[in-house]
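Undergrad: Please see the structure below; I have some questions.
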Amino acid sequence: MNENKKVIAAIATAQAAGGVGMIRVSGDNAMEICDKVFTAVSGNKLENSKGYRAYFGRVRDADGDIDDCVALVFRAPHSYTGENVVELSCHGGLYVLKRTLRAVLEAGASPARAGEFTERAFLNGKMDLTQAEAVMDLIGAQGKQAADAALTALDGTLSRKIDENTQKLVNICAHLSAWVDYPDEEIEELETSDMLSSMNEVENSLENLIATYDNGKVLTQGVKTAIVGRPNVGKSTLMNMLVGSRKSIVTSYAGTTRDVVEETVILGGISLHLSDTAGIRESDDPIEAIGVDIAKDRLKKSEFVIAVFDGSEELTKEDNDVLEFCKDKLCLGVINKTDLDTKNVKEQIAEYIETVVEISAEKLDGKDNLEKAVQKLLETDRIDTTSAMLTAERQYLSTVEALSCVKEAKDALQMGLTLDAVNVSLDCAIEKLLELTGKKASETVVNEIFSQFCVGK
């Protein structure tokens with residue numbers, strides 16, 4: 001059987017108990033298969049139903065009735081996948097859902113692979129690859145900005161921007177090809193200035209898109225963040241304040257944190273992948289020394305650093321060492337313990353770290369200022385989520401390669417090389433842009449994208 005013609009089925013809701021759970025079934029014979037396990041109280045058969053209809057009834061298997069159920073019918077091509085689709089919604093107990101799914105599979109459906117429903121939507125022309133990736137971004141969104149950006153991409157904003165640039169290059173290539181291949185047809189030669197003008201427009205547009213990637217990555221993937229400082233400045237207390245629970249052990253003894261404690265928190269709508277590291281200092285304790293080395297390594301690899309200092313004490317040599325480590329990193333300075341008598345250390349810290357906030361992690365005071373500072377440093381307070389934005393490394397790399405090809409075409413034209421050479425470079429740029437939207441993507445690329453989806457989507 002053609003892999004894309006078989007009927008597939010999967011639980012499409014979370015694998016946990018809930019009020020309602022849903023099993024999605026897609027394929028040419030989806031209605032006929034569901035009729036084997038579902039009986040509507042009206043007596044109507046799903047295979048005779050028009051699209052966008054809902055039926056109340058019961059699902060059953062060979063052992064008898066399973067549960068009350070609502071069957072939603074979608075007729076091709078007006079469905080998520082572009083195929084005939086039935087969605088069976090039962091009570092959300094895992095036993096009920098798994099038993100219902102087993103009944104559907106025994107009736108002739110095959111288990112859906114991860115992302116197979118969205119893959120079929122792509123293959124059936126319901127969305128392109130950037131929109132498919134936006135589906136995954138929307139599912140994984142943990143803040144308003146991330147969700148807004150994903151919805152913008154799902155609406156096709158990025159796709160339209162790519163198509164617009166692709167068409168400009170296609171127009172140049174089409175005219176060049178016609179002029180080169182049909183010299184006797186008196187086709188007007190394109191002026192060099194006109195071609196350069198169009199290429200400059202594409203070049204600027206692609207450069208602007210590339211510049212959005214850092215923000216897109218922050219919104220969709222979060223930021224690797226290290227909490228660093230010398231022992232006993234309140235790193236673990238800060239970690240616990242941000243997490244909202246006792247994640248890190250807090251004591252008055254220096255060197256309590258030996259390993260890296262990790263947790264993801266949402267701060268100002270941004271996912272921070274936090275690492276609470278060992279206090280940075282010289283130590284004769286071999287185990288603590290290992291923890292300090294790990295802390296320094298984590299600091300180097302982090303994308304963002306929260307450097308913590310004890311505001312109730314003068315800066316020490318260890319504090320200065322931390323400042324030296326942080327001077328080349330994107331860093332937020334945090335002066336902790338403002339509930340105690342504080343020293344005037346802010347100016348000293350500001351010589352190394354531009355943005356410094358004061359908090360009392362113990363008293364849960366200053367989190368709002370911390371949040372605003374993080375948003376400002378990561379520039380998420382200025383992100384326009386209604387504009388086209390690159391969010392995946394695949395998108396970024398394809399756009400960079402397309403830009404490189406456009407620049408090669410410009411160089412060839414300005415150096416007086418043959419128009420064939422210009423055309424070759426422009427063809428390369430077009431191919432990379434078509435890969436970006438999936439109009440010319442390889443099967444390997446497509447499979448890799450959809451393998452990252454959850455089963456049922």
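Residues are named by chain letter and number: chains run A, B, ... in the order of the structure tokens, numbers start at 1 in each chain, and ligands are numbered from 1 in the order shown.
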Write out as number ranges by chain the residues lying within 8 Å of Glu362 in chain A, counting only C-alpha atoms and excluding same-chain residues fewer than 6 positions away.
TA: A: 237-238, 241, 337
Undergrad: I want to know what sits within 8 Å of range 131-137 of chain A, based on only C-alpha atoms, with residues of the same chain fewer than 6 positions away left out; could you give that as a list in words?
TA: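 My reading of the contact set: Thr118, Glu119, Phe122, Ala146, Ala147, Ala150, Leu151, Ala153, Leu154, Asp155, Gly156, Ser159, Thr220, Ala392, Ile449 and Phe453 of chain A.
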Undergrad: Could those residues be written to a file, using all heavy atoms, as a tab-separated table (two decimals), in the first residue's frame?
TA:
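Result written to again-v7.tsv:
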```tsv
chain	number	residue	atom	x	y	z
A	118	THR	N	1.06	16.13	10.18
A	118	THR	CA	1.53	17.39	9.62
A	118	THR	C	2.34	17.16	8.35
A	118	THR	O	2.29	17.96	7.41
A	118	THR	CB	2.38	18.15	10.66
A	118	THR	OG1	1.64	18.27	11.88
A	118	THR	CG2	2.72	19.54	10.17
A	119	GLU	N	3.07	16.05	8.29
A	119	GLU	CA	3.81	15.72	7.07
A	119	GLU	C	2.84	15.53	5.91
A	119	GLU	O	3.10	16.00	4.79
A	119	GLU	CB	4.63	14.45	7.28
A	119	GLU	CG	5.46	14.06	6.07
A	119	GLU	CD	6.30	12.82	6.30
A	119	GLU	OE1	6.13	12.16	7.35
A	119	GLU	OE2	7.13	12.51	5.44
A	122	PHE	N	1.72	18.82	4.68
A	122	PHE	CA	2.75	19.41	3.81
A	122	PHE	C	2.72	18.77	2.43
A	122	PHE	O	2.70	19.46	1.41
A	122	PHE	CB	4.12	19.24	4.47
A	122	PHE	CG	5.27	19.42	3.53
A	122	PHE	CD1	5.57	20.67	2.99
A	122	PHE	CD2	6.05	18.33	3.15
A	122	PHE	CE1	6.64	20.82	2.11
A	122	PHE	CE2	7.11	18.47	2.28
A	122	PHE	CZ	7.41	19.73	1.75
A	146	ALA	N	6.58	34.05	22.02
A	146	ALA	CA	6.90	32.84	21.25
A	146	ALA	C	5.67	32.35	20.51
A	146	ALA	O	5.74	31.96	19.34
A	146	ALA	CB	7.44	31.76	22.17
A	147	ALA	N	4.52	32.36	21.18
A	147	ALA	CA	3.27	31.91	20.54
A	147	ALA	C	2.87	32.85	19.42
A	147	ALA	O	2.44	32.41	18.34
A	147	ALA	CB	2.16	31.81	21.58
A	150	ALA	N	5.16	32.26	16.41
A	150	ALA	CA	4.83	31.00	15.74
A	150	ALA	C	3.55	31.14	14.92
A	150	ALA	O	3.46	30.62	13.80
A	150	ALA	CB	4.69	29.89	16.77
A	151	LEU	N	2.57	31.83	15.47
A	151	LEU	CA	1.29	32.00	14.76
A	151	LEU	C	1.49	32.85	13.51
A	151	LEU	O	0.87	32.60	12.47
A	151	LEU	CB	0.26	32.64	15.69
A	151	LEU	CG	-1.20	32.58	15.23
A	151	LEU	CD1	-1.64	31.13	15.01
A	151	LEU	CD2	-2.11	33.26	16.24
A	153	ALA	N	4.21	32.94	11.68
A	153	ALA	CA	4.81	32.05	10.69
A	153	ALA	C	3.79	31.06	10.14
A	153	ALA	O	3.79	30.75	8.94
A	153	ALA	CB	5.99	31.31	11.30
A	154	LEU	N	2.92	30.56	11.02
A	154	LEU	CA	1.88	29.62	10.59
A	154	LEU	C	0.93	30.27	9.60
A	154	LEU	O	0.40	29.61	8.70
A	154	LEU	CB	1.13	29.08	11.80
A	154	LEU	CG	0.11	27.96	11.56
A	154	LEU	CD1	0.78	26.75	10.93
A	154	LEU	CD2	-0.56	27.56	12.88
A	155	ASP	N	0.71	31.56	9.76
A	155	ASP	CA	-0.15	32.30	8.83
A	155	ASP	C	0.51	32.53	7.47
A	155	ASP	O	-0.12	33.05	6.55
A	155	ASP	CB	-0.55	33.65	9.43
A	155	ASP	CG	-1.58	33.51	10.54
A	155	ASP	OD1	-2.26	32.46	10.58
A	155	ASP	OD2	-1.70	34.43	11.36
A	156	GLY	N	1.82	32.18	7.36
A	156	GLY	CA	2.50	32.27	6.07
A	156	GLY	C	3.31	33.53	5.85
A	156	GLY	O	3.76	33.78	4.72
A	159	SER	N	6.77	32.56	4.70
A	159	SER	CA	6.65	31.94	3.37
A	159	SER	C	6.49	32.98	2.28
A	159	SER	O	7.12	32.91	1.23
A	159	SER	CB	5.45	30.98	3.35
A	159	SER	OG	5.53	30.03	4.37
A	220	THR	N	11.94	30.71	20.55
A	220	THR	CA	11.49	29.34	20.36
A	220	THR	C	12.32	28.30	21.09
A	220	THR	O	11.81	27.25	21.47
A	220	THR	CB	11.47	28.98	18.85
A	220	THR	OG1	12.79	29.15	18.31
A	220	THR	CG2	10.50	29.88	18.09
A	392	ALA	N	14.49	28.48	13.01
A	392	ALA	CA	15.16	27.17	13.00
A	392	ALA	C	16.52	27.29	12.31
A	392	ALA	O	16.70	28.10	11.39
A	392	ALA	CB	14.31	26.13	12.27
A	449	ILE	N	12.74	16.94	9.68
A	449	ILE	CA	11.88	17.96	10.28
A	449	ILE	C	10.72	17.30	11.03
A	449	ILE	O	10.44	17.62	12.19
A	449	ILE	CB	11.35	18.92	9.20
A	449	ILE	CG1	12.49	19.81	8.70
A	449	ILE	CG2	10.21	19.78	9.74
A	449	ILE	CD1	12.13	20.66	7.51
A	453	PHE	N	8.56	16.06	15.60
A	453	PHE	CA	7.20	16.29	16.11
A	453	PHE	C	6.82	15.20	17.12
A	453	PHE	O	7.45	14.14	17.20
A	453	PHE	CB	6.21	16.24	14.95
A	453	PHE	CG	6.07	17.54	14.18
A	453	PHE	CD1	7.16	18.07	13.52
A	453	PHE	CD2	4.87	18.20	14.13
A	453	PHE	CE1	7.04	19.25	12.80
A	453	PHE	CE2	4.73	19.38	13.41
A	453	PHE	CZ	5.83	19.90	12.76
```
Undergrad: Among range 71-264 of chain A, which ones does DSSP place in strand (DSSP E or B), written as a PyMOL selection string?
TA: chain A and resi 71-74+85-92+110-111+114+223-228+261-264
Undergrad: Those same residues - N, CA, C and O atoms - I'd like them written as an mmCIF file, in the first residue's frame.
TA:
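File produced: result.cif:
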```
data_model
loop_
_atom_site.group_PDB
_atom_site.id
_atom_site.type_symbol
_atom_site.label_atom_id
_atom_site.label_comp_id
_atom_site.auth_asym_id
_atom_site.auth_seq_id
_atom_site.Cartn_x
_atom_site.Cartn_y
_atom_site.Cartn_z
ATOM 1 N N ALA A 71 -17.782 11.964 17.327
ATOM 2 C CA ALA A 71 -16.982 11.784 16.110
ATOM 3 C C ALA A 71 -17.132 13.023 15.232
ATOM 4 O O ALA A 71 -18.247 13.389 14.853
ATOM 5 N N LEU A 72 -16.019 13.682 14.942
ATOM 6 C CA LEU A 72 -16.002 14.833 14.036
ATOM 7 C C LEU A 72 -15.505 14.368 12.676
ATOM 8 O O LEU A 72 -14.462 13.704 12.591
ATOM 9 N N VAL A 73 -16.231 14.724 11.629
ATOM 10 C CA VAL A 73 -15.906 14.271 10.272
ATOM 11 C C VAL A 73 -15.432 15.450 9.429
ATOM 12 O O VAL A 73 -16.093 16.498 9.389
ATOM 13 N N PHE A 74 -14.275 15.280 8.778
ATOM 14 C CA PHE A 74 -13.729 16.287 7.864
ATOM 15 C C PHE A 74 -13.475 15.604 6.523
ATOM 16 O O PHE A 74 -12.779 14.594 6.452
ATOM 17 N N VAL A 85 -10.623 12.868 7.324
ATOM 18 C CA VAL A 85 -10.179 12.795 8.719
ATOM 19 C C VAL A 85 -11.390 12.590 9.626
ATOM 20 O O VAL A 85 -12.445 13.203 9.427
ATOM 21 N N VAL A 86 -11.225 11.713 10.628
ATOM 22 C CA VAL A 86 -12.205 11.570 11.707
ATOM 23 C C VAL A 86 -11.467 11.778 13.019
ATOM 24 O O VAL A 86 -10.377 11.238 13.225
ATOM 25 N N GLU A 87 -12.070 12.576 13.889
ATOM 26 C CA GLU A 87 -11.515 12.766 15.226
ATOM 27 C C GLU A 87 -12.505 12.220 16.245
ATOM 28 O O GLU A 87 -13.645 12.692 16.322
ATOM 29 N N LEU A 88 -12.064 11.209 16.985
ATOM 30 C CA LEU A 88 -12.909 10.546 17.980
ATOM 31 C C LEU A 88 -12.556 11.096 19.359
ATOM 32 O O LEU A 88 -11.442 10.879 19.855
ATOM 33 N N SER A 89 -13.479 11.826 19.976
ATOM 34 C CA SER A 89 -13.237 12.434 21.287
ATOM 35 C C SER A 89 -14.000 11.674 22.361
ATOM 36 O O SER A 89 -15.236 11.588 22.325
ATOM 37 N N CYS A 90 -13.247 11.114 23.305
ATOM 38 C CA CYS A 90 -13.821 10.343 24.411
ATOM 39 C C CYS A 90 -13.459 11.037 25.722
ATOM 40 O O CYS A 90 -12.817 12.086 25.742
ATOM 41 N N HIS A 91 -13.877 10.433 26.852
ATOM 42 C CA HIS A 91 -13.366 10.895 28.129
ATOM 43 C C HIS A 91 -11.856 10.668 28.153
ATOM 44 O O HIS A 91 -11.355 9.721 27.534
ATOM 45 N N GLY A 92 -11.147 11.529 28.882
ATOM 46 C CA GLY A 92 -9.698 11.577 28.732
ATOM 47 C C GLY A 92 -8.882 10.634 29.574
ATOM 48 O O GLY A 92 -7.721 10.938 29.866
ATOM 49 N N SER A 110 -3.245 2.105 10.594
ATOM 50 C CA SER A 110 -1.856 1.883 10.991
ATOM 51 C C SER A 110 -1.439 2.966 11.976
ATOM 52 O O SER A 110 -1.919 4.104 11.897
ATOM 53 N N PRO A 111 -0.532 2.650 12.907
ATOM 54 C CA PRO A 111 -0.075 3.670 13.862
ATOM 55 C C PRO A 111 0.645 4.806 13.138
ATOM 56 O O PRO A 111 1.475 4.563 12.264
ATOM 57 N N ALA A 114 5.694 9.838 14.295
ATOM 58 C CA ALA A 114 5.823 11.192 14.835
ATOM 59 C C ALA A 114 5.718 12.203 13.697
ATOM 60 O O ALA A 114 6.425 12.096 12.689
ATOM 61 N N VAL A 223 17.238 30.282 26.160
ATOM 62 C CA VAL A 223 18.616 30.755 26.277
ATOM 63 C C VAL A 223 19.353 29.944 27.347
ATOM 64 O O VAL A 223 18.857 29.791 28.472
ATOM 65 N N LYS A 224 20.529 29.423 26.996
ATOM 66 C CA LYS A 224 21.369 28.724 27.968
ATOM 67 C C LYS A 224 21.960 29.752 28.925
ATOM 68 O O LYS A 224 22.734 30.615 28.508
ATOM 69 N N THR A 225 21.581 29.655 30.199
ATOM 70 C CA THR A 225 21.920 30.687 31.176
ATOM 71 C C THR A 225 22.660 30.086 32.363
ATOM 72 O O THR A 225 22.188 29.115 32.960
ATOM 73 N N ALA A 226 23.800 30.666 32.685
ATOM 74 C CA ALA A 226 24.580 30.202 33.836
ATOM 75 C C ALA A 226 24.466 31.216 34.972
ATOM 76 O O ALA A 226 24.627 32.424 34.751
ATOM 77 N N ILE A 227 24.164 30.730 36.169
ATOM 78 C CA ILE A 227 24.200 31.568 37.369
ATOM 79 C C ILE A 227 25.558 31.343 38.024
ATOM 80 O O ILE A 227 25.877 30.222 38.435
ATOM 81 N N VAL A 228 26.372 32.392 38.095
ATOM 82 C CA VAL A 228 27.735 32.240 38.610
ATOM 83 C C VAL A 228 27.996 33.245 39.728
ATOM 84 O O VAL A 228 27.281 34.242 39.890
ATOM 85 N N VAL A 261 23.208 22.356 38.966
ATOM 86 C CA VAL A 261 21.771 22.105 39.120
ATOM 87 C C VAL A 261 21.065 22.827 37.981
ATOM 88 O O VAL A 261 21.262 24.030 37.785
ATOM 89 N N GLU A 262 20.257 22.101 37.209
ATOM 90 C CA GLU A 262 19.644 22.678 36.009
ATOM 91 C C GLU A 262 18.126 22.716 36.113
ATOM 92 O O GLU A 262 17.501 21.826 36.683
ATOM 93 N N GLU A 263 17.550 23.764 35.540
ATOM 94 C CA GLU A 263 16.096 23.910 35.507
ATOM 95 C C GLU A 263 15.755 24.949 34.451
ATOM 96 O O GLU A 263 16.544 25.864 34.180
ATOM 97 N N THR A 264 14.601 24.803 33.826
ATOM 98 C CA THR A 264 14.122 25.798 32.867
ATOM 99 C C THR A 264 13.009 26.611 33.517
ATOM 100 O O THR A 264 12.072 26.051 34.089
#
```
Undergrad: Could you please write out, as a tab-separated table (two decimals) with N, CA and C atoms, in the first residue's frame, every residue of range 25-140 of chain A that DSSP assigns to helix (DSSP H, G or I)?
TA:
```tsv
chain	number	residue	atom	x	y	z
A	30	ALA	N	-10.78	6.59	6.14
A	30	ALA	CA	-10.89	6.89	7.58
A	30	ALA	C	-12.32	6.70	8.09
A	31	MET	N	-13.32	7.14	7.32
A	31	MET	CA	-14.71	7.03	7.77
A	31	MET	C	-15.15	5.57	7.86
A	32	GLU	N	-14.77	4.78	6.84
A	32	GLU	CA	-15.17	3.37	6.84
A	32	GLU	C	-14.56	2.62	8.02
A	33	ILE	N	-13.30	2.91	8.32
A	33	ILE	CA	-12.65	2.25	9.45
A	33	ILE	C	-13.29	2.66	10.76
A	34	CYS	N	-13.57	3.95	10.92
A	34	CYS	CA	-14.19	4.42	12.17
A	34	CYS	C	-15.61	3.89	12.33
A	35	ASP	N	-16.31	3.63	11.22
A	35	ASP	CA	-17.66	3.04	11.32
A	35	ASP	C	-17.62	1.65	11.96
A	46	LEU	N	-20.73	7.22	9.27
A	46	LEU	CA	-19.77	8.29	9.02
A	46	LEU	C	-19.38	8.36	7.55
A	47	GLU	N	-19.33	7.20	6.89
A	47	GLU	CA	-18.92	7.19	5.48
A	47	GLU	C	-19.93	7.91	4.59
A	48	ASN	N	-21.16	8.09	5.08
A	48	ASN	CA	-22.18	8.80	4.30
A	48	ASN	C	-22.28	10.27	4.71
A	94	LEU	N	-6.47	7.52	30.17
A	94	LEU	CA	-5.50	6.87	29.28
A	94	LEU	C	-5.95	5.47	28.88
A	95	TYR	N	-6.55	4.73	29.80
A	95	TYR	CA	-7.02	3.38	29.46
A	95	TYR	C	-8.05	3.45	28.34
A	96	VAL	N	-9.01	4.36	28.48
A	96	VAL	CA	-10.07	4.50	27.48
A	96	VAL	C	-9.48	4.87	26.12
A	97	LEU	N	-8.56	5.83	26.11
A	97	LEU	CA	-7.98	6.28	24.85
A	97	LEU	C	-7.15	5.18	24.18
A	98	LYS	N	-6.34	4.50	24.97
A	98	LYS	CA	-5.49	3.45	24.39
A	98	LYS	C	-6.34	2.28	23.87
A	99	ARG	N	-7.41	1.97	24.60
A	99	ARG	CA	-8.28	0.88	24.15
A	99	ARG	C	-9.00	1.27	22.87
A	100	THR	N	-9.44	2.54	22.78
A	100	THR	CA	-10.11	3.02	21.57
A	100	THR	C	-9.14	3.03	20.39
A	101	LEU	N	-7.93	3.49	20.63
A	101	LEU	CA	-6.93	3.49	19.56
A	101	LEU	C	-6.65	2.07	19.08
A	102	ARG	N	-6.54	1.13	20.02
A	102	ARG	CA	-6.30	-0.26	19.64
A	102	ARG	C	-7.44	-0.78	18.77
A	103	ALA	N	-8.67	-0.40	19.10
A	103	ALA	CA	-9.83	-0.83	18.31
A	103	ALA	C	-9.75	-0.28	16.88
A	104	VAL	N	-9.33	0.99	16.75
A	104	VAL	CA	-9.19	1.60	15.42
A	104	VAL	C	-8.09	0.91	14.62
A	105	LEU	N	-7.00	0.58	15.28
A	105	LEU	CA	-5.90	-0.12	14.59
A	105	LEU	C	-6.33	-1.52	14.16
A	106	GLU	N	-7.07	-2.20	15.03
A	106	GLU	CA	-7.56	-3.54	14.68
A	106	GLU	C	-8.58	-3.49	13.55
A	116	GLU	N	3.45	12.61	11.46
A	116	GLU	CA	2.96	12.14	10.16
A	116	GLU	C	1.72	12.89	9.69
A	117	PHE	N	0.87	13.34	10.61
A	117	PHE	CA	-0.31	14.10	10.19
A	117	PHE	C	0.12	15.43	9.55
A	118	THR	N	1.06	16.13	10.18
A	118	THR	CA	1.53	17.39	9.62
A	118	THR	C	2.34	17.16	8.35
A	119	GLU	N	3.07	16.05	8.29
A	119	GLU	CA	3.81	15.72	7.07
A	119	GLU	C	2.84	15.53	5.91
A	120	ARG	N	1.72	14.87	6.16
A	120	ARG	CA	0.73	14.70	5.09
A	120	ARG	C	0.12	16.04	4.69
A	121	ALA	N	-0.06	16.93	5.67
A	121	ALA	CA	-0.56	18.27	5.36
A	121	ALA	C	0.41	18.99	4.43
A	122	PHE	N	1.72	18.82	4.68
A	122	PHE	CA	2.75	19.41	3.81
A	122	PHE	C	2.72	18.77	2.43
A	123	LEU	N	2.70	17.44	2.37
A	123	LEU	CA	2.73	16.74	1.09
A	123	LEU	C	1.47	17.01	0.27
A	129	LEU	N	7.09	24.03	4.44
A	129	LEU	CA	7.95	23.57	5.54
A	129	LEU	C	8.10	24.61	6.64
A	130	THR	N	8.15	25.89	6.28
A	130	THR	CA	8.27	26.91	7.33
A	130	THR	C	7.01	26.94	8.19
A	131	GLN	N	5.86	26.72	7.58
A	131	GLN	CA	4.61	26.67	8.36
A	131	GLN	C	4.56	25.41	9.22
A	132	ALA	N	5.06	24.30	8.68
A	132	ALA	CA	5.10	23.07	9.47
A	132	ALA	C	5.98	23.24	10.70
A	133	GLU	N	7.14	23.89	10.51
A	133	GLU	CA	8.02	24.17	11.65
A	133	GLU	C	7.35	25.10	12.64
A	134	ALA	N	6.49	26.00	12.14
A	134	ALA	CA	5.76	26.90	13.02
A	134	ALA	C	4.77	26.15	13.90
A	135	VAL	N	4.20	25.06	13.37
A	135	VAL	CA	3.30	24.22	14.17
A	135	VAL	C	4.04	23.70	15.40
A	136	MET	N	5.26	23.21	15.18
A	136	MET	CA	6.07	22.70	16.28
A	136	MET	C	6.43	23.83	17.25
A	137	ASP	N	6.75	25.01	16.72
A	137	ASP	CA	7.07	26.15	17.58
A	137	ASP	C	5.87	26.56	18.43
A	138	LEU	N	4.67	26.49	17.82
A	138	LEU	CA	3.47	26.88	18.54
A	138	LEU	C	3.17	25.90	19.67
A	139	ILE	N	3.37	24.62	19.40
A	139	ILE	CA	3.15	23.61	20.44
A	139	ILE	C	4.14	23.81	21.59
A	140	GLY	N	5.37	24.16	21.26
A	140	GLY	CA	6.40	24.30	22.28
A	140	GLY	C	6.47	25.67	22.92
```
Undergrad: Nearest to Ala10 in chain A among A:Ser26, A:Asn232, A:Asn171, A:Ser177, with distances taken over only C-alpha atoms: which residue is it?
TA: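 Nearest candidate to Ala10 in chain A out of A:Ser26, A:Asn232, A:Asn171, A:Ser177: A:Ser26.
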Undergrad: Using only C-alpha atoms, which of the listed residues (A:Thr166, A:Ala307, A:Thr192, A:Leu377) sits closest to Leu426 in chain A?
TA: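 Of A:Thr166, A:Ala307, A:Thr192, A:Leu377, the one nearest Leu426 in chain A is A:Thr166, counting only C-alpha atoms.
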Undergrad: Just to confirm, what's the straight-line distance from CA of Leu436 in chain A to CA of Val218 in chain A in Å (one decimal)?
TA: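 Interatomic distance, CA of Leu436 in chain A to CA of Val218 in chain A: 20.3 Å.
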Undergrad: Using only C-alpha atoms, find the one residue out of A:Asn336, A:Ser79, A:Asn84, A:Asn200 that sits nearest to Leu403 in chain A.
TA: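 When distances to Leu403 in chain A are compared using only C-alpha atoms, the smallest one comes from A:Asn200.
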Undergrad: For each of A:Gly229, A:Glu324, A:Ser275, A:Asp319, take the minimum atom-to-atom distance to Ser302 in chain A, counting only C-alpha atoms, then give the residue where this is smallest.
TA: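 Looking at the shortest contact to Ser302 in chain A, the residue is A:Ser275.
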Undergrad: What is the CA of Val406 in chain A to CA of His175 in chain A distance in Å?
TA: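 According to the coordinates, CA of Val406 in chain A and CA of His175 in chain A are separated by 16.5 Å.
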